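K.L.:
Handing you this structure, nothing more for now.
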Amino acid sequence: MGILMLTAMLVVAGIGMTSWMDVTRMVRGQVLALREQEFVTGARGLGASSTRIMARHLLPNTVGIIAVAGTLSVAHAILLESYTSFLGYGIQRPLASWGNMLNNAQSYFVSAPWVAIFPGVMITLAVTSFNFLGDGLRDALDPRHTRSRT
């Protein structure tokens, strides 16, 4: 059982090591855009240090994009783990994952289709839920993004 847990940890670490780059690129772009705004120039003109500008002005204005990108990255990680396990390169039996369950359900698809339908529906629900959570966080945390309420 120890080698299986190590494999699962390696899959999670691999997904984590390859998923942070998109979030970082979006946050960097947001920080570079905010750095040129008047409130940052004003704070710099008043003598605020770079650390204070980052903590008081830039970081609070990037929380929204970090939260949205984080929730979308979780949805992407779920899909990534599912299809890697489905292909047989991810989490192996006897540990359970949705992709592993779908792979094992192939031989039962004609006689017991629910064995494949339930993991597929759960993947869809989890990914859709994280996407809706990210959309809701964007609406709540981004003051410039407003939807018409009609």
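By convention in this document, the chains of the structure tokens carry letters A, B, ... by their order, each chain's residues are numbered from 1, and ligands are numbered from 1 in the order they are shown.
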Which residues are near A:Thr124? Cut-off 10 Å, only C-alpha atoms, ignore same chain within fewer than 5 positions. Put them as a PyMOL selection string.
P.N.:
chain A and resi 75+78-79+118-119+129
K.L.:
Neighbours of A:Arg93 within 12 Å (only C-alpha atoms; same-chain residues fewer than 2 positions away dropped), as a PyMOL selection string?
P.N.:
chain A and resi 1+3-5+7-8+85-86+88-91+95-101+103-104
K.L.:
Would you output that residue set with C-alpha atoms, as a PDB file, in the first residue's frame?
P.N.:
```
ATOM      1  CA  MET A   1       0.000   0.000   0.000  1.00  0.00           C
ATOM      2  CA  ILE A   3       4.046   2.378  -3.091  1.00  0.00           C
ATOM      3  CA  LEU A   4       0.481   3.165  -4.180  1.00  0.00           C
ATOM      4  CA  MET A   5       0.291   6.168  -1.873  1.00  0.00           C
ATOM      5  CA  THR A   7       2.314   7.077  -6.731  1.00  0.00           C
ATOM      6  CA  ALA A   8      -0.761   9.106  -5.782  1.00  0.00           C
ATOM      7  CA  SER A  85      -5.795   7.701 -14.425  1.00  0.00           C
ATOM      8  CA  PHE A  86      -8.175   6.663 -17.196  1.00  0.00           C
ATOM      9  CA  GLY A  88      -3.489   4.036 -16.795  1.00  0.00           C
ATOM     10  CA  TYR A  89      -0.657   6.459 -15.971  1.00  0.00           C
ATOM     11  CA  GLY A  90      -2.196   8.033 -12.889  1.00  0.00           C
ATOM     12  CA  ILE A  91      -3.532   6.554  -9.691  1.00  0.00           C
ATOM     13  CA  LEU A  95      -6.755   3.315  -4.811  1.00  0.00           C
ATOM     14  CA  ALA A  96      -9.856   4.878  -6.276  1.00  0.00           C
ATOM     15  CA  SER A  97     -10.105   7.837  -8.601  1.00  0.00           C
ATOM     16  CA  TRP A  98     -12.803   8.781 -11.061  1.00  0.00           C
ATOM     17  CA  GLY A  99     -10.563   8.157 -14.048  1.00  0.00           C
ATOM     18  CA  ASN A 100      -9.558   4.788 -12.630  1.00  0.00           C
ATOM     19  CA  MET A 101     -13.232   3.902 -12.140  1.00  0.00           C
ATOM     20  CA  ASN A 103     -11.158   2.737 -17.000  1.00  0.00           C
ATOM     21  CA  ASN A 104     -12.319  -0.277 -14.997  1.00  0.00           C
TER      22      ASN A 104
END
```
K.L.:
So that I can see what lies close to A:Met54, please list as an MDAnalysis selection string the residues with an atom at most 12 Å from it, counting only C-alpha atoms and leaving out residues fewer than 3 positions away in the same chain.
P.N.:
chainID A and resid 31:32 34:35 39:40 43:44 48:51 57:62
K.L.:
Using only C-alpha atoms, please write the residues we just selected to a file, as a PDB file, in the first residue's frame.
P.N.:
```
ATOM      1  CA  VAL A  31       0.247  43.435 -11.154  1.00  0.00           C
ATOM      2  CA  LEU A  32       2.022  45.024 -14.117  1.00  0.00           C
ATOM      3  CA  LEU A  34      -1.956  47.914 -11.611  1.00  0.00           C
ATOM      4  CA  ARG A  35       1.584  49.190 -11.145  1.00  0.00           C
ATOM      5  CA  PHE A  39      -3.175  55.247  -6.965  1.00  0.00           C
ATOM      6  CA  VAL A  40       0.153  53.387  -7.070  1.00  0.00           C
ATOM      7  CA  ALA A  43       1.468  56.167  -3.059  1.00  0.00           C
ATOM      8  CA  ARG A  44       4.967  56.112  -4.531  1.00  0.00           C
ATOM      9  CA  ALA A  48       5.514  54.566   0.388  1.00  0.00           C
ATOM     10  CA  SER A  49       7.993  51.709   0.207  1.00  0.00           C
ATOM     11  CA  SER A  50       7.691  48.966  -2.403  1.00  0.00           C
ATOM     12  CA  THR A  51       6.654  46.500   0.298  1.00  0.00           C
ATOM     13  CA  HIS A  57      -2.459  48.360  -2.987  1.00  0.00           C
ATOM     14  CA  LEU A  58      -1.382  45.598  -5.345  1.00  0.00           C
ATOM     15  CA  LEU A  59      -2.161  42.459  -3.336  1.00  0.00           C
ATOM     16  CA  PRO A  60      -5.757  43.418  -2.404  1.00  0.00           C
ATOM     17  CA  ASN A  61      -6.459  44.261  -6.048  1.00  0.00           C
ATOM     18  CA  THR A  62      -5.193  40.881  -7.252  1.00  0.00           C
TER      19      THR A  62
END
```
K.L.:
Can you pull out every residue within 10 Å of A:Val74, counting only C-alpha atoms, but drop anything in the same chain fewer than 2 positions away, and send it as number ranges by chain?
P.N.:
A: 15-16, 19, 69-72, 76-80, 126-127, 130-131, 134
K.L.:
Can you tell me, as a list in words, which residues in stretch 81-114 of chain A count as helix (DSSP H, G or I) by DSSP?
P.N.:
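Selecting the helix (DSSP H, G or I) positions of stretch 81-114 of chain A gives Glu81, Ser82, Tyr83, Thr84, Ser85, Phe86, Leu87, Trp98, Gly99, Asn100, Met101, Leu102, Asn103, Asn104, Ala105, Gln106, Ser107, Tyr108 and Trp114 of chain A.
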K.L.:
Go ahead and save the residues from that selection, with N, CA and C atoms, as an mmCIF file, in the first residue's frame.
P.N.:
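And here's out_29.cif as it stands now:
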```cif
data_model
loop_
_atom_site.group_PDB
_atom_site.id
_atom_site.type_symbol
_atom_site.label_atom_id
_atom_site.label_comp_id
_atom_site.auth_asym_id
_atom_site.auth_seq_id
_atom_site.Cartn_x
_atom_site.Cartn_y
_atom_site.Cartn_z
ATOM 1 N N GLU A 81 -6.153 14.757 -13.641
ATOM 2 C CA GLU A 81 -5.986 13.513 -12.891
ATOM 3 C C GLU A 81 -6.910 12.429 -13.429
ATOM 4 N N SER A 82 -8.121 12.804 -13.793
ATOM 5 C CA SER A 82 -9.082 11.814 -14.284
ATOM 6 C C SER A 82 -8.620 11.179 -15.582
ATOM 7 N N TYR A 83 -8.184 12.007 -16.525
ATOM 8 C CA TYR A 83 -7.802 11.367 -17.781
ATOM 9 C C TYR A 83 -6.450 10.692 -17.710
ATOM 10 N N THR A 84 -5.566 11.131 -16.805
ATOM 11 C CA THR A 84 -4.308 10.383 -16.652
ATOM 12 C C THR A 84 -4.571 9.024 -16.013
ATOM 13 N N SER A 85 -5.451 8.982 -15.048
ATOM 14 C CA SER A 85 -5.795 7.701 -14.425
ATOM 15 C C SER A 85 -6.586 6.823 -15.383
ATOM 16 N N PHE A 86 -7.427 7.437 -16.216
ATOM 17 C CA PHE A 86 -8.175 6.663 -17.196
ATOM 18 C C PHE A 86 -7.227 5.980 -18.186
ATOM 19 N N LEU A 87 -6.169 6.688 -18.567
ATOM 20 C CA LEU A 87 -5.200 6.108 -19.493
ATOM 21 C C LEU A 87 -4.275 5.094 -18.833
ATOM 22 N N TRP A 98 -11.737 8.838 -10.075
ATOM 23 C CA TRP A 98 -12.803 8.781 -11.061
ATOM 24 C C TRP A 98 -12.302 8.264 -12.408
ATOM 25 N N GLY A 99 -11.121 8.661 -12.802
ATOM 26 C CA GLY A 99 -10.563 8.157 -14.048
ATOM 27 C C GLY A 99 -10.290 6.664 -13.994
ATOM 28 N N ASN A 100 -9.800 6.206 -12.850
ATOM 29 C CA ASN A 100 -9.558 4.788 -12.630
ATOM 30 C C ASN A 100 -10.870 4.004 -12.692
ATOM 31 N N MET A 101 -11.921 4.560 -12.101
ATOM 32 C CA MET A 101 -13.232 3.902 -12.140
ATOM 33 C C MET A 101 -13.762 3.817 -13.563
ATOM 34 N N LEU A 102 -13.589 4.882 -14.342
ATOM 35 C CA LEU A 102 -14.031 4.854 -15.737
ATOM 36 C C LEU A 102 -13.255 3.828 -16.547
ATOM 37 N N ASN A 103 -11.975 3.716 -16.293
ATOM 38 C CA ASN A 103 -11.158 2.737 -17.000
ATOM 39 C C ASN A 103 -11.615 1.320 -16.672
ATOM 40 N N ASN A 104 -11.878 1.055 -15.406
ATOM 41 C CA ASN A 104 -12.319 -0.277 -14.997
ATOM 42 C C ASN A 104 -13.737 -0.598 -15.460
ATOM 43 N N ALA A 105 -14.547 0.429 -15.742
ATOM 44 C CA ALA A 105 -15.940 0.214 -16.131
ATOM 45 C C ALA A 105 -16.098 -0.114 -17.611
ATOM 46 N N GLN A 106 -15.040 -0.056 -18.378
ATOM 47 C CA GLN A 106 -15.157 -0.301 -19.817
ATOM 48 C C GLN A 106 -15.688 -1.697 -20.125
ATOM 49 N N SER A 107 -15.265 -2.670 -19.372
ATOM 50 C CA SER A 107 -15.702 -4.044 -19.656
ATOM 51 C C SER A 107 -17.152 -4.297 -19.228
ATOM 52 N N TYR A 108 -17.705 -3.425 -18.390
ATOM 53 C CA TYR A 108 -19.077 -3.593 -17.920
ATOM 54 C C TYR A 108 -20.055 -2.636 -18.589
ATOM 55 N N TRP A 114 -24.252 1.959 -15.552
ATOM 56 C CA TRP A 114 -24.149 2.897 -14.437
ATOM 57 C C TRP A 114 -22.769 2.884 -13.792
#
```
K.L.:
Provide the atom CA of A:Ala13 to atom CA of A:Pro94 distance in Å, to one decimal place.
P.N.:
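Taking atom CA of A:Ala13 and atom CA of A:Pro94, their separation equals 19.8 Å.
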K.L.:
Work out how far apart atom CA of A:Arg138 and atom CA of A:Gly64 are and give it in Å to one decimal.
P.N.:
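Separating atom CA of A:Arg138 from atom CA of A:Gly64 is a distance of 6.1 Å.
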